[in-house]
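**Student:** Next comes start_3.cif, mmCIF, N, CA and C atoms:
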data_my_file
#
loop_
_atom_site.label_atom_id
_atom_site.label_comp_id
_atom_site.auth_asym_id
_atom_site.auth_seq_id
_atom_site.Cartn_x
_atom_site.Cartn_y
_atom_site.Cartn_z
N MET X 1 24.20 -280.11 -83.18
CA MET X 1 24.14 -281.27 -84.02
C MET X 1 23.12 -281.02 -85.14
N THR X 2 23.54 -281.19 -86.37
CA THR X 2 22.67 -281.00 -87.51
C THR X 2 22.17 -282.34 -88.02
N LYS X 3 20.87 -282.44 -88.22
CA LYS X 3 20.29 -283.66 -88.76
C LYS X 3 19.93 -283.42 -90.22
N THR X 4 20.05 -284.46 -91.00
CA THR X 4 19.68 -284.40 -92.40
C THR X 4 18.52 -285.34 -92.64
N TYR X 5 17.48 -284.83 -93.29
CA TYR X 5 16.33 -285.67 -93.62
C TYR X 5 16.69 -286.52 -94.82
N LEU X 6 16.50 -287.82 -94.71
CA LEU X 6 16.80 -288.73 -95.81
C LEU X 6 15.54 -289.00 -96.61
N LEU X 7 15.64 -288.80 -97.90
CA LEU X 7 14.52 -289.10 -98.79
C LEU X 7 14.56 -290.59 -99.11
N ASP X 8 13.94 -291.39 -98.26
CA ASP X 8 14.00 -292.84 -98.44
C ASP X 8 12.90 -293.33 -99.38
N THR X 9 12.95 -294.63 -99.67
CA THR X 9 12.00 -295.20 -100.64
C THR X 9 10.56 -295.15 -100.14
N THR X 10 10.35 -295.23 -98.83
CA THR X 10 8.98 -295.14 -98.31
C THR X 10 8.42 -293.74 -98.52
N ALA X 11 9.19 -292.73 -98.21
CA ALA X 11 8.74 -291.35 -98.38
C ALA X 11 8.44 -291.03 -99.84
N LEU X 12 9.18 -291.66 -100.74
CA LEU X 12 9.03 -291.36 -102.17
C LEU X 12 8.07 -292.31 -102.90
N GLN X 13 7.41 -293.21 -102.15
CA GLN X 13 6.39 -294.07 -102.76
C GLN X 13 5.19 -293.23 -103.16
N ALA X 14 4.47 -293.69 -104.17
CA ALA X 14 3.25 -293.00 -104.58
C ALA X 14 2.27 -292.95 -103.40
N ASP X 15 1.67 -291.81 -103.18
CA ASP X 15 0.72 -291.66 -102.08
C ASP X 15 -0.56 -292.43 -102.39
N PRO X 16 -1.01 -293.29 -101.49
CA PRO X 16 -2.21 -294.08 -101.75
C PRO X 16 -3.48 -293.24 -101.89
N ASN X 17 -3.48 -292.01 -101.39
CA ASN X 17 -4.64 -291.14 -101.54
C ASN X 17 -4.82 -290.64 -102.97
N LEU X 18 -3.80 -290.85 -103.79
CA LEU X 18 -3.86 -290.39 -105.18
C LEU X 18 -3.99 -291.54 -106.17
N VAL X 19 -4.34 -292.73 -105.67
CA VAL X 19 -4.40 -293.91 -106.53
C VAL X 19 -5.35 -293.70 -107.71
N ASP X 20 -6.40 -292.90 -107.52
CA ASP X 20 -7.37 -292.67 -108.60
C ASP X 20 -7.21 -291.27 -109.23
N LEU X 21 -6.07 -290.64 -109.02
CA LEU X 21 -5.80 -289.33 -109.63
C LEU X 21 -5.69 -289.49 -111.14
N ASP X 22 -6.48 -288.72 -111.86
CA ASP X 22 -6.45 -288.76 -113.32
C ASP X 22 -5.98 -287.38 -113.80
N PHE X 23 -4.67 -287.19 -113.75
CA PHE X 23 -4.08 -285.89 -114.08
C PHE X 23 -4.14 -285.64 -115.59
N THR X 24 -4.59 -284.46 -115.96
CA THR X 24 -4.60 -284.04 -117.37
C THR X 24 -3.73 -282.80 -117.50
N PRO X 25 -2.61 -282.91 -118.20
CA PRO X 25 -1.68 -281.77 -118.27
C PRO X 25 -2.12 -280.65 -119.21
N ASN X 26 -3.06 -280.93 -120.12
CA ASN X 26 -3.52 -279.94 -121.09
C ASN X 26 -2.34 -279.25 -121.78
N SER X 27 -2.27 -277.92 -121.70
CA SER X 27 -1.20 -277.19 -122.40
C SER X 27 0.18 -277.47 -121.83
N HIS X 28 0.24 -278.13 -120.69
CA HIS X 28 1.52 -278.45 -120.06
C HIS X 28 2.02 -279.84 -120.45
N ALA X 29 1.43 -280.44 -121.49
CA ALA X 29 1.81 -281.80 -121.91
C ALA X 29 3.30 -281.93 -122.23
N PRO X 30 3.92 -280.97 -122.94
CA PRO X 30 5.36 -281.13 -123.20
C PRO X 30 6.19 -281.18 -121.91
N ALA X 31 5.83 -280.35 -120.94
CA ALA X 31 6.55 -280.38 -119.66
C ALA X 31 6.28 -281.70 -118.94
N HIS X 32 5.04 -282.14 -118.93
CA HIS X 32 4.67 -283.39 -118.25
C HIS X 32 5.39 -284.59 -118.85
N ASP X 33 5.54 -284.59 -120.16
CA ASP X 33 6.15 -285.73 -120.85
C ASP X 33 7.67 -285.74 -120.77
N SER X 34 8.26 -284.67 -120.30
CA SER X 34 9.72 -284.60 -120.21
C SER X 34 10.23 -285.37 -119.00
N GLN X 35 11.51 -285.68 -119.00
CA GLN X 35 12.12 -286.37 -117.87
C GLN X 35 12.02 -285.51 -116.59
N THR X 36 12.25 -284.22 -116.74
CA THR X 36 12.15 -283.31 -115.60
C THR X 36 10.72 -283.27 -115.08
N GLY X 37 9.76 -283.16 -115.97
CA GLY X 37 8.35 -283.14 -115.58
C GLY X 37 7.93 -284.41 -114.86
N GLN X 38 8.39 -285.53 -115.34
CA GLN X 38 8.06 -286.80 -114.69
C GLN X 38 8.66 -286.89 -113.30
N ALA X 39 9.86 -286.36 -113.12
CA ALA X 39 10.50 -286.35 -111.80
C ALA X 39 9.75 -285.44 -110.84
N ILE X 40 9.30 -284.28 -111.32
CA ILE X 40 8.51 -283.37 -110.50
C ILE X 40 7.20 -284.04 -110.12
N PHE X 41 6.53 -284.64 -111.08
CA PHE X 41 5.25 -285.32 -110.84
C PHE X 41 5.42 -286.45 -109.83
N ALA X 42 6.48 -287.23 -109.99
CA ALA X 42 6.72 -288.35 -109.07
C ALA X 42 6.89 -287.85 -107.64
N PHE X 43 7.62 -286.75 -107.46
CA PHE X 43 7.78 -286.23 -106.10
C PHE X 43 6.47 -285.69 -105.56
N LEU X 44 5.78 -284.85 -106.32
CA LEU X 44 4.56 -284.22 -105.82
C LEU X 44 3.48 -285.23 -105.48
N THR X 45 3.47 -286.36 -106.17
CA THR X 45 2.46 -287.39 -105.91
C THR X 45 2.96 -288.46 -104.94
N SER X 46 4.14 -288.26 -104.39
CA SER X 46 4.69 -289.20 -103.41
C SER X 46 4.07 -288.94 -102.04
N ARG X 47 4.29 -289.87 -101.12
CA ARG X 47 3.80 -289.70 -99.75
C ARG X 47 4.34 -288.39 -99.15
N LEU X 48 5.63 -288.15 -99.33
CA LEU X 48 6.23 -286.93 -98.79
C LEU X 48 5.70 -285.70 -99.50
N GLY X 49 5.60 -285.74 -100.82
CA GLY X 49 5.11 -284.59 -101.57
C GLY X 49 3.71 -284.17 -101.14
N VAL X 50 2.83 -285.15 -100.98
CA VAL X 50 1.46 -284.86 -100.53
C VAL X 50 1.47 -284.32 -99.11
N ALA X 51 2.27 -284.90 -98.24
CA ALA X 51 2.35 -284.42 -96.86
C ALA X 51 2.85 -282.97 -96.82
N VAL X 52 3.83 -282.65 -97.63
CA VAL X 52 4.36 -281.28 -97.68
C VAL X 52 3.27 -280.31 -98.16
N LEU X 53 2.55 -280.69 -99.21
CA LEU X 53 1.51 -279.81 -99.74
C LEU X 53 0.37 -279.60 -98.74
N VAL X 54 -0.15 -280.68 -98.19
CA VAL X 54 -1.24 -280.56 -97.24
C VAL X 54 -0.78 -279.77 -96.01
N GLY X 55 0.40 -280.07 -95.52
CA GLY X 55 0.94 -279.35 -94.37
C GLY X 55 1.08 -277.86 -94.64
N ALA X 56 1.54 -277.52 -95.83
CA ALA X 56 1.73 -276.11 -96.18
C ALA X 56 0.39 -275.38 -96.26
N VAL X 57 -0.61 -276.01 -96.84
CA VAL X 57 -1.93 -275.37 -96.94
C VAL X 57 -2.53 -275.17 -95.56
N VAL X 58 -2.43 -276.17 -94.71
CA VAL X 58 -3.01 -276.09 -93.37
C VAL X 58 -2.23 -275.10 -92.49
N ALA X 59 -0.91 -275.15 -92.56
CA ALA X 59 -0.08 -274.31 -91.68
C ALA X 59 -0.03 -272.85 -92.11
N ALA X 60 -0.06 -272.60 -93.41
CA ALA X 60 0.06 -271.23 -93.90
C ALA X 60 -0.90 -271.01 -95.07
N PRO X 61 -2.20 -270.94 -94.80
CA PRO X 61 -3.18 -270.85 -95.88
C PRO X 61 -3.11 -269.57 -96.72
N SER X 62 -2.40 -268.58 -96.26
CA SER X 62 -2.28 -267.34 -97.04
C SER X 62 -1.01 -267.31 -97.88
N ARG X 63 -0.25 -268.40 -97.90
CA ARG X 63 1.00 -268.50 -98.65
C ARG X 63 0.92 -269.63 -99.67
N PRO X 64 1.55 -269.48 -100.83
CA PRO X 64 1.53 -270.55 -101.84
C PRO X 64 2.24 -271.81 -101.34
N PRO X 65 1.58 -272.96 -101.35
CA PRO X 65 2.19 -274.19 -100.84
C PRO X 65 3.32 -274.72 -101.72
N VAL X 66 3.39 -274.29 -102.97
CA VAL X 66 4.46 -274.78 -103.85
C VAL X 66 5.83 -274.45 -103.28
N ILE X 67 5.94 -273.38 -102.51
CA ILE X 67 7.21 -272.97 -101.92
C ILE X 67 7.75 -274.06 -100.99
N ALA X 68 6.87 -274.74 -100.28
CA ALA X 68 7.29 -275.78 -99.35
C ALA X 68 7.91 -276.98 -100.07
N THR X 69 7.57 -277.17 -101.33
CA THR X 69 8.11 -278.30 -102.09
C THR X 69 9.47 -277.98 -102.70
N GLU X 70 9.82 -276.72 -102.76
CA GLU X 70 11.02 -276.27 -103.48
C GLU X 70 12.31 -276.94 -103.05
N PRO X 71 12.63 -277.05 -101.76
CA PRO X 71 13.91 -277.68 -101.42
C PRO X 71 13.98 -279.15 -101.82
N PHE X 72 12.86 -279.85 -101.76
CA PHE X 72 12.84 -281.26 -102.14
C PHE X 72 13.00 -281.43 -103.64
N ILE X 73 12.27 -280.61 -104.39
CA ILE X 73 12.38 -280.68 -105.86
C ILE X 73 13.78 -280.28 -106.30
N ALA X 74 14.35 -279.28 -105.65
CA ALA X 74 15.72 -278.86 -106.00
C ALA X 74 16.70 -280.01 -105.77
N LYS X 75 16.55 -280.72 -104.66
CA LYS X 75 17.46 -281.82 -104.35
C LYS X 75 17.27 -283.00 -105.31
N LEU X 76 16.01 -283.32 -105.62
CA LEU X 76 15.72 -284.49 -106.45
C LEU X 76 15.87 -284.24 -107.95
N VAL X 77 15.54 -283.04 -108.39
CA VAL X 77 15.49 -282.75 -109.83
C VAL X 77 16.59 -281.79 -110.26
N GLY X 78 16.89 -280.82 -109.43
CA GLY X 78 17.90 -279.83 -109.78
C GLY X 78 17.30 -278.59 -110.40
N GLU X 79 18.15 -277.74 -110.90
CA GLU X 79 17.73 -276.43 -111.43
C GLU X 79 16.83 -276.53 -112.65
N ALA X 80 16.86 -277.64 -113.36
CA ALA X 80 15.98 -277.83 -114.53
C ALA X 80 14.51 -277.73 -114.15
N ALA X 81 14.20 -277.94 -112.89
CA ALA X 81 12.81 -277.88 -112.42
C ALA X 81 12.29 -276.46 -112.27
N PHE X 82 13.16 -275.46 -112.44
CA PHE X 82 12.76 -274.10 -112.14
C PHE X 82 12.78 -273.16 -113.35
N THR X 83 12.66 -273.74 -114.54
CA THR X 83 12.43 -272.90 -115.72
C THR X 83 11.00 -272.39 -115.63
N ASP X 84 10.67 -271.36 -116.40
CA ASP X 84 9.31 -270.83 -116.35
C ASP X 84 8.27 -271.90 -116.67
N ASP X 85 8.52 -272.69 -117.72
CA ASP X 85 7.56 -273.74 -118.10
C ASP X 85 7.40 -274.78 -117.00
N MET X 86 8.49 -275.17 -116.38
CA MET X 86 8.41 -276.19 -115.32
C MET X 86 7.74 -275.64 -114.07
N LYS X 87 7.94 -274.37 -113.76
CA LYS X 87 7.28 -273.79 -112.59
C LYS X 87 5.77 -273.72 -112.83
N LYS X 88 5.35 -273.37 -114.05
CA LYS X 88 3.92 -273.35 -114.37
C LYS X 88 3.34 -274.76 -114.32
N TYR X 89 4.08 -275.73 -114.83
CA TYR X 89 3.65 -277.13 -114.77
C TYR X 89 3.51 -277.58 -113.32
N THR X 90 4.49 -277.26 -112.51
CA THR X 90 4.45 -277.64 -111.09
C THR X 90 3.21 -277.05 -110.43
N GLY X 91 2.90 -275.81 -110.74
CA GLY X 91 1.70 -275.18 -110.19
C GLY X 91 0.43 -275.91 -110.59
N ARG X 92 0.38 -276.37 -111.84
CA ARG X 92 -0.80 -277.13 -112.31
C ARG X 92 -0.95 -278.43 -111.54
N VAL X 93 0.18 -279.14 -111.36
CA VAL X 93 0.14 -280.41 -110.63
C VAL X 93 -0.27 -280.17 -109.18
N VAL X 94 0.29 -279.14 -108.56
CA VAL X 94 -0.06 -278.83 -107.17
C VAL X 94 -1.57 -278.59 -107.05
N ARG X 95 -2.12 -277.78 -107.93
CA ARG X 95 -3.56 -277.50 -107.87
C ARG X 95 -4.37 -278.78 -108.06
N PHE X 96 -3.99 -279.60 -109.01
CA PHE X 96 -4.70 -280.85 -109.28
C PHE X 96 -4.70 -281.74 -108.04
N ILE X 97 -3.55 -281.86 -107.39
CA ILE X 97 -3.44 -282.71 -106.19
C ILE X 97 -4.30 -282.16 -105.06
N ILE X 98 -4.18 -280.88 -104.77
CA ILE X 98 -4.92 -280.30 -103.65
C ILE X 98 -6.43 -280.41 -103.89
N GLU X 99 -6.87 -280.14 -105.10
CA GLU X 99 -8.30 -280.27 -105.39
C GLU X 99 -8.75 -281.73 -105.33
N HIS X 100 -7.90 -282.65 -105.76
CA HIS X 100 -8.23 -284.08 -105.67
C HIS X 100 -8.41 -284.50 -104.22
N LEU X 101 -7.67 -283.89 -103.32
CA LEU X 101 -7.74 -284.23 -101.90
C LEU X 101 -8.85 -283.46 -101.17
N GLY X 102 -9.63 -282.69 -101.90
CA GLY X 102 -10.76 -281.98 -101.29
C GLY X 102 -10.52 -280.52 -101.02
N GLY X 103 -9.36 -280.00 -101.40
CA GLY X 103 -9.06 -278.59 -101.21
C GLY X 103 -9.68 -277.75 -102.30
N SER X 104 -9.66 -276.45 -102.10
CA SER X 104 -10.23 -275.51 -103.07
C SER X 104 -9.24 -274.40 -103.39
N PHE X 105 -9.22 -274.02 -104.65
CA PHE X 105 -8.44 -272.88 -105.12
C PHE X 105 -9.02 -271.61 -104.51
N VAL X 106 -8.15 -270.72 -104.04
CA VAL X 106 -8.59 -269.45 -103.46
C VAL X 106 -8.21 -268.29 -104.38
N ARG X 107 -6.92 -268.17 -104.71
CA ARG X 107 -6.44 -267.03 -105.48
C ARG X 107 -5.09 -267.34 -106.10
N ARG X 108 -4.83 -266.74 -107.24
CA ARG X 108 -3.51 -266.91 -107.87
C ARG X 108 -2.77 -265.58 -107.80
N GLY X 109 -1.49 -265.63 -108.11
CA GLY X 109 -0.69 -264.41 -108.16
C GLY X 109 -0.31 -263.86 -106.79
N VAL X 110 -0.32 -264.71 -105.77
CA VAL X 110 0.06 -264.27 -104.43
C VAL X 110 1.58 -264.16 -104.37
N LYS X 111 2.08 -263.00 -104.03
CA LYS X 111 3.53 -262.76 -103.99
C LYS X 111 4.20 -263.64 -102.94
N VAL X 112 5.35 -264.14 -103.30
CA VAL X 112 6.17 -264.93 -102.38
C VAL X 112 7.04 -263.96 -101.60
N THR X 113 7.03 -264.07 -100.28
CA THR X 113 7.75 -263.10 -99.45
C THR X 113 9.00 -263.68 -98.80
N VAL X 114 9.39 -264.88 -99.21
CA VAL X 114 10.62 -265.50 -98.71
C VAL X 114 11.56 -265.72 -99.89
N ASP X 115 12.81 -266.01 -99.60
CA ASP X 115 13.78 -266.28 -100.65
C ASP X 115 13.36 -267.55 -101.39
N SER X 116 13.08 -267.43 -102.68
CA SER X 116 12.56 -268.56 -103.45
C SER X 116 12.81 -268.35 -104.94
N ARG X 117 12.79 -269.44 -105.67
CA ARG X 117 12.87 -269.38 -107.13
C ARG X 117 11.53 -268.98 -107.73
N TYR X 118 10.47 -269.02 -106.92
CA TYR X 118 9.13 -268.64 -107.35
C TYR X 118 8.87 -267.20 -106.92
N GLY X 119 8.28 -266.42 -107.80
CA GLY X 119 7.95 -265.04 -107.47
C GLY X 119 6.54 -264.90 -106.93
N SER X 120 5.66 -265.81 -107.37
CA SER X 120 4.27 -265.80 -106.91
C SER X 120 3.71 -267.20 -107.07
N GLY X 121 2.53 -267.39 -106.52
CA GLY X 121 1.88 -268.70 -106.62
C GLY X 121 0.44 -268.59 -106.20
N SER X 122 -0.25 -269.71 -106.28
CA SER X 122 -1.65 -269.77 -105.90
C SER X 122 -1.79 -270.26 -104.47
N ILE X 123 -2.91 -269.87 -103.85
CA ILE X 123 -3.20 -270.35 -102.50
C ILE X 123 -4.49 -271.16 -102.52
N TYR X 124 -4.62 -272.03 -101.52
CA TYR X 124 -5.72 -272.99 -101.45
C TYR X 124 -6.22 -273.09 -100.02
N THR X 125 -7.37 -273.72 -99.86
CA THR X 125 -7.91 -273.97 -98.53
C THR X 125 -8.52 -275.36 -98.48
N PHE X 126 -8.58 -275.90 -97.29
CA PHE X 126 -9.30 -277.14 -97.06
C PHE X 126 -10.57 -276.83 -96.27
N GLY X 127 -11.04 -275.58 -96.31
CA GLY X 127 -12.26 -275.21 -95.60
C GLY X 127 -12.08 -275.36 -94.11
N ASN X 128 -12.79 -276.30 -93.54
CA ASN X 128 -12.71 -276.56 -92.10
C ASN X 128 -11.60 -277.54 -91.78
N GLY X 129 -10.73 -277.78 -92.72
CA GLY X 129 -9.64 -278.72 -92.51
C GLY X 129 -9.80 -279.91 -93.45
N PRO X 130 -8.71 -280.60 -93.70
CA PRO X 130 -8.79 -281.74 -94.63
C PRO X 130 -9.67 -282.84 -94.06
N VAL X 131 -10.35 -283.51 -94.95
CA VAL X 131 -11.17 -284.64 -94.57
C VAL X 131 -10.24 -285.83 -94.43
N LEU X 132 -10.22 -286.42 -93.25
CA LEU X 132 -9.32 -287.53 -92.98
C LEU X 132 -10.13 -288.79 -92.77
N ALA X 133 -9.69 -289.87 -93.37
CA ALA X 133 -10.32 -291.17 -93.15
C ALA X 133 -9.26 -292.09 -92.58
N ILE X 134 -9.61 -292.79 -91.55
CA ILE X 134 -8.70 -293.74 -90.91
C ILE X 134 -9.14 -295.14 -91.30
N ALA X 135 -8.25 -295.88 -91.94
CA ALA X 135 -8.57 -297.25 -92.32
C ALA X 135 -8.46 -298.15 -91.10
N ALA X 136 -9.41 -299.04 -90.95
CA ALA X 136 -9.39 -299.95 -89.80
C ALA X 136 -8.62 -301.20 -90.12
#
For this file, produce the structure as structure tokens.
**Tutor:**
Amino acid sequence: MTKTYLLDTTALQADPNLVDLDFTPNSHAPAHDSQTGQAIFAFLTSRLGVAVLVGAVVAAPSRPPVIATEPFIAKLVGEAAFTDDMKKYTGRVVRFIIEHLGGSFVRRGVKVTVDSRYGSGSIYTFGNGPVLAIAA
């Protein structure tokens, strides 16, 4: 029996941990301002997008976490999300989110060793693990 994960409205809501995220696209402003860029940004900053990124960093700290987002972005945005400019923009957003959540950049240019539209990416760490706060 094959199960399909449904991208429902709750999963795609903006993640509350990013409520104060002040993203600056810098040289990636044209990509950020595009319809494709906005769709990528909306997914990466969603509850599911953040969970995928944090999970990827924690589960495989020696691998670029952007790879874990690829199937979701492909489904939601399509092939337009994988031009060179959009892949660079996605990497910028990923770094911004991970650093906002307390993670640290480790290295860029890490080769991707699985079948992917990305050839390389950056890796990150949460040190001793992500800082978690439980609201009462």
**Student:** Can you list, as a PyMOL selection string, the residues that the PyMOL selection byres ((chain X and resi 63-80) around 6) selects here?
**Tutor:** chain X and resi 53+56-57+60-62+81-83+121-123
**Student:** What is the atom C of X:Val54 to atom N of X:Asn26 distance in Å?
**Tutor:** 24.2 Å
**Student:** Would you please work out which residue, of X:Arg92, X:Asp15, X:Leu48, X:Arg108, is nearest to X:Ser120 when using all atoms listed in the file?
**Tutor:**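 Result for the nearest residue to X:Ser120: X:Arg108.
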**Student:** What is the atom C of X:Val114 to atom CA of X:Leu101 distance in Å?
**Tutor:** 26.8 Å
**Student:** Do you have the atom N of X:Ala39-atom C of X:Phe126 distance handy?
**Tutor:**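 Taking atom N of X:Ala39 as the start and atom C of X:Phe126 as the end point, the length is 28.1 Å.
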**Student:** Go through X:Gln35, X:Ser27, X:Ile40, X:Asn17 one by one, measure the shortest atom-to-atom distance of each to X:Ile98 using only C-alpha atoms, and give the residue with the smallest value.
**Tutor:**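 Between X:Gln35, X:Ser27, X:Ile40, X:Asn17, the residue approaching X:Ile98 most closely is X:Asn17.
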**Student:** Rank nothing, just name the residue among X:His28, X:Lys3, X:His100, X:Lys87 nearest to X:Val50, using only C-alpha atoms.
**Tutor:**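 Looking at the shortest contact to X:Val50, the residue is X:His100.
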**Student:** From a DSSP calculation on the backbone, collect every residue of stretch 7-134 of chain X in alpha helix (DSSP H) and output the set as an MDAnalysis selection string.
**Tutor:** chainID X and resid 29:33 35:44 47:59 66:76 84:100
**Student:** Name the residues that the PyMOL selection byres (((chain X and resi 21 and name CA) around 12) and name CA) picks from the file above, as a VMD selection string, using the file's chain letters and numbers.
**Tutor:** chain X and resid 14 to 20 22 to 24 41 45 93 96 to 101
